[in-house]
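Quick notes on the structure that follows.
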Amino acid sequence: MAPVVVLVGAPGCGKTTVGRALAATLGVEFRDTDTDIEQMAGKPIPEIFIDEGEAHFRTLERAAVAAALAGGTGVLALGGGAVLAEETRAALIGHRVVHLSVELPDAVRRVGLGAGRPLLALNPRATLKHLMDQRRPLYAEVATETVVTDGRAPAQVVAEVAALLPR
Ligand SMILES: Nc1ncnc2c1ncn2[C@@H]1O[C@H](COP(=O)(O)OP(=O)(O)O)[C@@H](O)[C@H]1O
Ligand SMILES: O=C(O)C1=C[C@@H](OP(=O)(O)O)[C@@H](O)[C@H](O)C1
Ligand SMILES: [Mg+2]
C-alpha cells in the first residue's frame, strides 16, 4: 500500500502540523520521516547533525523515505530537504505528492530562530531564502498538486488538501 498523500515543501510550510491534523481528519495513520530518522538514529535531529553531520542525516533520510513510501498507508510528511536526493525524487513518481507552498515572510515567522532545525540555527532568514531558492524547482518537479499556505491557518490548509483527495 502507498501513502494516501505525501507532503513536501520548505521548512515551516506546515508539513508536520498539517499532516498530523489531516491524518486525524481522514482517520488514517500519520508518519513523518523526521521522526522515523530520530528513531533509527536513537537521537534527535540536531544531535545527528552535530555528531555525524548532514551527509549522514541525508543517508538516513533517503532510507527513511524509501521505507515509508513502500510501507506507508496514511499521510506522510517528508523533511524539507528530502527532495534534494535524486533517488527520492524518482521514488516519489506515481504517488500523490502535495507541495505546501510558503513564501519567505511566513516561513521565517513560523520557524522563528530555527529551534530543532540545525540548518537554520544560524541566520534563519538568509538560510531559508537560500534553501527555498535552491529547492523551489525540486518541489515543483515532484508535486502533483500545490496548496498555498501563506496567510492561511492550518485548518484551512488541511481542508484544501483533503478536498484534493478521492473520497
Ligand atoms: N498554516 C499555518 N499558519 C500558521 N502557522 C503554521 C501553519 N502551519 C504550520 N504553522 C506553524 O509553523 C511552525 C512550523 O510548522 P511545521 O508543521 O513544523 O512545518 P514543517 O514540518 O513543514 O517544517 C509550527 O509552529 C506550526 O504550528
Ligand atoms: O530543510 C531541511 O533540510 C530540513 C528540514 C527539517 O524538516 P522540516 O522541513 O519538517 O522542518 C529536517 O528534516 C531537518 O532539520 C532538515
Ligand atoms: Mg516537519
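Letters for chains follow the order of the C-alpha cells (A, B, ...), residue numbers begin at 1 for each chain, and ligand numbers begin at 1 in the order shown.
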Exercise: Arg109 of chain A partners within 12 Å, only C-alpha atoms, chain neighbours under 4 positions left out, as number ranges by chain: A: 11-13, 102-105, 113-114, 124-125, 128, 150-151
Residue list (strand (DSSP E or B), DSSP) for segment 11-105 of chain A, as a PyMOL selection string: chain A and resi 30-32+75-77+97-101
Selection within 9 Å of ligand 1 by only C-alpha atoms and all ligand atoms, output as a PyMOL selection string: chain A and resi 7-20+32+34+77-80+100+102+106-107+109-112+117+148-158
Write to file, as a short mmCIF file (atom, residue, chain, number, x, y, z; two decimals), in the first residue's frame, the residues of the selection just made, with N, CA and C atoms.
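Ended up saving to selection_15.cif:
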data_model
loop_
_atom_site.label_atom_id
_atom_site.label_comp_id
_atom_site.auth_asym_id
_atom_site.auth_seq_id
_atom_site.Cartn_x
_atom_site.Cartn_y
_atom_site.Cartn_z
N LEU A 7 3.41 14.86 1.75
CA LEU A 7 3.53 16.32 1.84
C LEU A 7 4.99 16.73 1.72
N VAL A 8 5.24 17.68 0.82
CA VAL A 8 6.60 18.23 0.66
C VAL A 8 6.53 19.76 0.75
N GLY A 9 7.68 20.37 0.96
CA GLY A 9 7.73 21.83 1.00
C GLY A 9 8.82 22.30 1.95
N ALA A 10 9.04 23.59 1.95
CA ALA A 10 10.13 24.20 2.71
C ALA A 10 9.87 24.08 4.22
N PRO A 11 10.93 24.16 5.03
CA PRO A 11 10.73 24.19 6.48
C PRO A 11 9.74 25.31 6.83
N GLY A 12 8.78 24.99 7.68
CA GLY A 12 7.80 25.99 8.09
C GLY A 12 6.57 26.05 7.19
N CYS A 13 6.51 25.26 6.14
CA CYS A 13 5.30 25.28 5.29
C CYS A 13 4.14 24.58 5.99
N GLY A 14 4.47 23.73 6.99
CA GLY A 14 3.40 23.09 7.77
C GLY A 14 3.23 21.60 7.51
N LYS A 15 4.23 20.94 6.95
CA LYS A 15 4.09 19.52 6.63
C LYS A 15 3.72 18.69 7.87
N THR A 16 4.43 18.94 8.96
CA THR A 16 4.20 18.14 10.17
C THR A 16 2.85 18.49 10.80
N THR A 17 2.58 19.78 10.93
CA THR A 17 1.34 20.24 11.58
C THR A 17 0.12 19.86 10.76
N VAL A 18 0.15 20.20 9.48
CA VAL A 18 -0.99 19.92 8.60
C VAL A 18 -1.14 18.41 8.40
N GLY A 19 0.00 17.72 8.25
CA GLY A 19 -0.03 16.28 8.03
C GLY A 19 -0.70 15.55 9.19
N ARG A 20 -0.34 15.93 10.42
CA ARG A 20 -0.92 15.26 11.60
C ARG A 20 -2.44 15.52 11.66
N ASP A 32 5.95 10.79 9.81
CA ASP A 32 6.84 11.90 9.48
C ASP A 32 8.25 11.32 9.41
N ASP A 34 11.05 12.59 9.57
CA ASP A 34 11.99 13.10 10.59
C ASP A 34 11.90 12.28 11.88
N ALA A 77 4.56 12.93 5.90
CA ALA A 77 5.28 14.21 5.79
C ALA A 77 6.76 13.93 5.64
N LEU A 78 7.37 14.58 4.64
CA LEU A 78 8.83 14.46 4.48
C LEU A 78 9.50 15.65 5.15
N GLY A 79 10.82 15.56 5.35
CA GLY A 79 11.59 16.73 5.78
C GLY A 79 11.77 17.65 4.57
N GLY A 80 12.00 18.93 4.83
CA GLY A 80 12.08 19.91 3.75
C GLY A 80 13.18 19.64 2.73
N LEU A 100 3.10 21.94 -0.12
CA LEU A 100 2.55 23.03 0.68
C LEU A 100 3.48 24.22 0.45
N VAL A 102 5.02 28.00 0.59
CA VAL A 102 5.10 29.13 1.53
C VAL A 102 6.18 30.07 1.02
N ASP A 106 6.23 34.31 5.65
CA ASP A 106 5.51 33.40 6.54
C ASP A 106 6.43 32.29 7.04
N ALA A 107 7.31 31.79 6.17
CA ALA A 107 8.21 30.71 6.59
C ALA A 107 9.11 31.19 7.73
N ARG A 109 8.59 33.62 9.87
CA ARG A 109 7.80 33.81 11.09
C ARG A 109 7.53 32.47 11.76
N ARG A 110 7.23 31.46 10.96
CA ARG A 110 6.86 30.16 11.54
C ARG A 110 8.05 29.43 12.14
N VAL A 111 9.22 29.51 11.51
CA VAL A 111 10.35 28.74 12.09
C VAL A 111 11.08 29.52 13.17
N GLY A 112 10.83 30.81 13.28
CA GLY A 112 11.46 31.60 14.35
C GLY A 112 12.97 31.52 14.26
N ARG A 117 15.86 22.77 14.06
CA ARG A 117 16.23 22.67 12.64
C ARG A 117 17.67 23.18 12.51
N VAL A 148 -1.34 26.58 -1.47
CA VAL A 148 -0.69 27.77 -0.92
C VAL A 148 -1.04 27.88 0.57
N THR A 149 -0.04 28.12 1.40
CA THR A 149 -0.31 28.19 2.85
C THR A 149 -0.14 29.59 3.42
N ASP A 150 0.39 30.53 2.64
CA ASP A 150 0.64 31.88 3.17
C ASP A 150 -0.66 32.53 3.64
N GLY A 151 -0.64 33.03 4.86
CA GLY A 151 -1.80 33.73 5.40
C GLY A 151 -2.99 32.82 5.68
N ARG A 152 -2.76 31.51 5.65
CA ARG A 152 -3.87 30.58 5.91
C ARG A 152 -3.61 29.78 7.17
N ALA A 153 -4.64 29.58 7.96
CA ALA A 153 -4.50 28.79 9.19
C ALA A 153 -4.34 27.33 8.81
N PRO A 154 -3.67 26.54 9.68
CA PRO A 154 -3.50 25.11 9.39
C PRO A 154 -4.82 24.41 9.03
N ALA A 155 -5.91 24.74 9.72
CA ALA A 155 -7.19 24.05 9.44
C ALA A 155 -7.66 24.31 8.00
N GLN A 156 -7.39 25.52 7.50
CA GLN A 156 -7.77 25.83 6.11
C GLN A 156 -6.95 24.99 5.15
N VAL A 157 -5.67 24.87 5.45
CA VAL A 157 -4.77 24.09 4.59
C VAL A 157 -5.18 22.62 4.61
N VAL A 158 -5.51 22.12 5.79
CA VAL A 158 -5.98 20.73 5.91
C VAL A 158 -7.20 20.51 5.02
#
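Shortest separation to ligand 2 among A:Val147, A:Val161, A:Ile50, A:Ala67 occurs at residue A:Ile50, atoms counted being only C-alpha atoms and all ligand atoms.
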Atomic distance atom CA of Leu120 of chain A - atom CA of Gly72 of chain A, expressed in Å with one decimal: 28.8 Å
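Proximity of A:Thr33, A:Gln39, A:Thr144, A:Thr25 to ligand 3, computed with only C-alpha atoms and all ligand atoms, is greatest for A:Thr33.
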Residues near Tyr139 of chain A, cut-off 8 Å, only C-alpha atoms, skip fewer than 3 positions along chain, as JSON, numbers by chain: {"A": [8, 9, 83, 99, 135, 136, 142, 143]}
Once you have the residues from the selection above, write them out as an mmCIF file, in the first residue's frame, restricted to N, CA and C atoms.
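Full text of selection-v2.cif as output:
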data_model
loop_
_atom_site.group_PDB
_atom_site.id
_atom_site.type_symbol
_atom_site.label_atom_id
_atom_site.label_comp_id
_atom_site.auth_asym_id
_atom_site.auth_seq_id
_atom_site.Cartn_x
_atom_site.Cartn_y
_atom_site.Cartn_z
ATOM 1 N N VAL A 8 5.243 17.682 0.818
ATOM 2 C CA VAL A 8 6.601 18.231 0.662
ATOM 3 C C VAL A 8 6.526 19.757 0.745
ATOM 4 N N GLY A 9 7.676 20.369 0.956
ATOM 5 C CA GLY A 9 7.732 21.828 0.998
ATOM 6 C C GLY A 9 8.820 22.298 1.947
ATOM 7 N N VAL A 83 13.765 16.226 -0.876
ATOM 8 C CA VAL A 83 13.712 16.266 -2.349
ATOM 9 C C VAL A 83 15.068 16.570 -2.989
ATOM 10 N N HIS A 99 2.575 19.742 -2.634
ATOM 11 C CA HIS A 99 3.534 20.761 -2.198
ATOM 12 C C HIS A 99 2.771 21.814 -1.408
ATOM 13 N N ARG A 135 15.520 25.015 -3.725
ATOM 14 C CA ARG A 135 14.606 23.860 -3.748
ATOM 15 C C ARG A 135 13.302 24.085 -4.498
ATOM 16 N N ARG A 136 12.947 25.330 -4.751
ATOM 17 C CA ARG A 136 11.651 25.610 -5.392
ATOM 18 C C ARG A 136 11.419 24.718 -6.627
ATOM 19 N N VAL A 142 8.402 17.358 -8.133
ATOM 20 C CA VAL A 142 7.808 16.142 -7.544
ATOM 21 C C VAL A 142 6.313 16.276 -7.264
ATOM 22 N N ALA A 143 5.804 17.520 -7.217
ATOM 23 C CA ALA A 143 4.425 17.720 -6.768
ATOM 24 C C ALA A 143 3.413 17.363 -7.850
#
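Non-sequential neighbours of Glu29 of chain A (distance at most 7 Å, separation of 2 or more positions within a chain, only C-alpha atoms) are Ala23, Arg31, Thr73, Gly74 and Val75 of chain A.
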Could you pull out the helix (DSSP H, G or I) residues of segment 46-149 of chain A from DSSP and send them as a PDB file with C-alpha atoms, in the first residue's frame?
ATOM      1  CA  PRO A  46      20.164  18.335  15.913  1.00  0.00           C
ATOM      2  CA  GLU A  47      22.331  15.685  17.600  1.00  0.00           C
ATOM      3  CA  ILE A  48      22.660  13.727  14.336  1.00  0.00           C
ATOM      4  CA  PHE A  49      23.914  16.899  12.633  1.00  0.00           C
ATOM      5  CA  ILE A  50      26.359  17.583  15.485  1.00  0.00           C
ATOM      6  CA  ASP A  51      27.675  14.034  15.900  1.00  0.00           C
ATOM      7  CA  GLU A  54      24.428  16.497   7.346  1.00  0.00           C
ATOM      8  CA  ALA A  55      25.636  13.873   4.834  1.00  0.00           C
ATOM      9  CA  HIS A  56      24.883  11.100   7.317  1.00  0.00           C
ATOM     10  CA  PHE A  57      21.478  12.638   8.055  1.00  0.00           C
ATOM     11  CA  ARG A  58      20.715  12.632   4.299  1.00  0.00           C
ATOM     12  CA  THR A  59      21.700   8.957   4.062  1.00  0.00           C
ATOM     13  CA  LEU A  60      19.295   8.101   6.888  1.00  0.00           C
ATOM     14  CA  GLU A  61      16.671  10.316   5.255  1.00  0.00           C
ATOM     15  CA  ARG A  62      16.872   8.531   1.875  1.00  0.00           C
ATOM     16  CA  ALA A  63      16.369   5.196   3.646  1.00  0.00           C
ATOM     17  CA  ALA A  64      13.519   6.548   5.792  1.00  0.00           C
ATOM     18  CA  VAL A  65      11.666   7.968   2.789  1.00  0.00           C
ATOM     19  CA  ALA A  66      12.085   4.762   0.764  1.00  0.00           C
ATOM     20  CA  ALA A  67      10.774   2.656   3.669  1.00  0.00           C
ATOM     21  CA  ALA A  68       7.842   4.989   4.327  1.00  0.00           C
ATOM     22  CA  LEU A  69       6.828   5.124   0.656  1.00  0.00           C
ATOM     23  CA  ALA A  70       6.940   1.329   0.446  1.00  0.00           C
ATOM     24  CA  GLY A  71       5.166   0.645   3.724  1.00  0.00           C
ATOM     25  CA  ALA A  82      14.300  15.209   1.267  1.00  0.00           C
ATOM     26  CA  VAL A  83      13.712  16.266  -2.349  1.00  0.00           C
ATOM     27  CA  LEU A  84      17.405  17.146  -2.727  1.00  0.00           C
ATOM     28  CA  GLU A  86      17.561  12.389  -6.959  1.00  0.00           C
ATOM     29  CA  GLU A  87      16.759   8.884  -5.670  1.00  0.00           C
ATOM     30  CA  THR A  88      13.932  10.285  -3.550  1.00  0.00           C
ATOM     31  CA  ARG A  89      12.528  12.402  -6.382  1.00  0.00           C
ATOM     32  CA  ALA A  90      12.443   9.262  -8.552  1.00  0.00           C
ATOM     33  CA  ALA A  91      10.789   7.259  -5.759  1.00  0.00           C
ATOM     34  CA  LEU A 104       9.793  33.715   2.851  1.00  0.00           C
ATOM     35  CA  PRO A 105       7.873  36.085   5.201  1.00  0.00           C
ATOM     36  CA  ASP A 106       5.508  33.397   6.544  1.00  0.00           C
ATOM     37  CA  ALA A 107       8.213  30.711   6.592  1.00  0.00           C
ATOM     38  CA  VAL A 108      10.545  32.927   8.628  1.00  0.00           C
ATOM     39  CA  ARG A 109       7.803  33.814  11.092  1.00  0.00           C
ATOM     40  CA  ARG A 110       6.860  30.164  11.540  1.00  0.00           C
ATOM     41  CA  VAL A 111      10.348  28.739  12.085  1.00  0.00           C
ATOM     42  CA  PRO A 118      20.036  22.655  12.703  1.00  0.00           C
ATOM     43  CA  LEU A 119      20.401  24.098   9.180  1.00  0.00           C
ATOM     44  CA  LEU A 120      18.575  27.236  10.347  1.00  0.00           C
ATOM     45  CA  PRO A 124      17.461  31.667   9.741  1.00  0.00           C
ATOM     46  CA  ARG A 125      16.136  34.304   7.315  1.00  0.00           C
ATOM     47  CA  ALA A 126      19.111  34.257   4.912  1.00  0.00           C
ATOM     48  CA  THR A 127      19.472  30.495   5.137  1.00  0.00           C
ATOM     49  CA  LEU A 128      15.779  29.916   4.488  1.00  0.00           C
ATOM     50  CA  LYS A 129      15.897  32.243   1.478  1.00  0.00           C
ATOM     51  CA  HIS A 130      18.831  30.310   0.048  1.00  0.00           C
ATOM     52  CA  LEU A 131      17.214  26.904   0.722  1.00  0.00           C
ATOM     53  CA  MET A 132      13.919  27.993  -0.794  1.00  0.00           C
ATOM     54  CA  ASP A 133      15.564  29.419  -3.940  1.00  0.00           C
ATOM     55  CA  GLN A 134      17.542  26.195  -4.388  1.00  0.00           C
ATOM     56  CA  ARG A 135      14.606  23.860  -3.748  1.00  0.00           C
ATOM     57  CA  ARG A 136      11.651  25.610  -5.392  1.00  0.00           C
ATOM     58  CA  PRO A 137      12.202  23.776  -8.732  1.00  0.00           C
ATOM     59  CA  LEU A 138      12.546  20.459  -6.921  1.00  0.00           C
ATOM     60  CA  TYR A 139       9.238  20.817  -5.052  1.00  0.00           C
ATOM     61  CA  ALA A 140       7.585  21.744  -8.358  1.00  0.00           C
ATOM     62  CA  GLU A 141       9.158  18.702 -10.037  1.00  0.00           C
ATOM     63  CA  VAL A 142       7.808  16.142  -7.544  1.00  0.00           C
TER      64      VAL A 142
END
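Going from atom CA of Pro166 of chain A to atom CA of Ala85 of chain A covers 28.7 Å.
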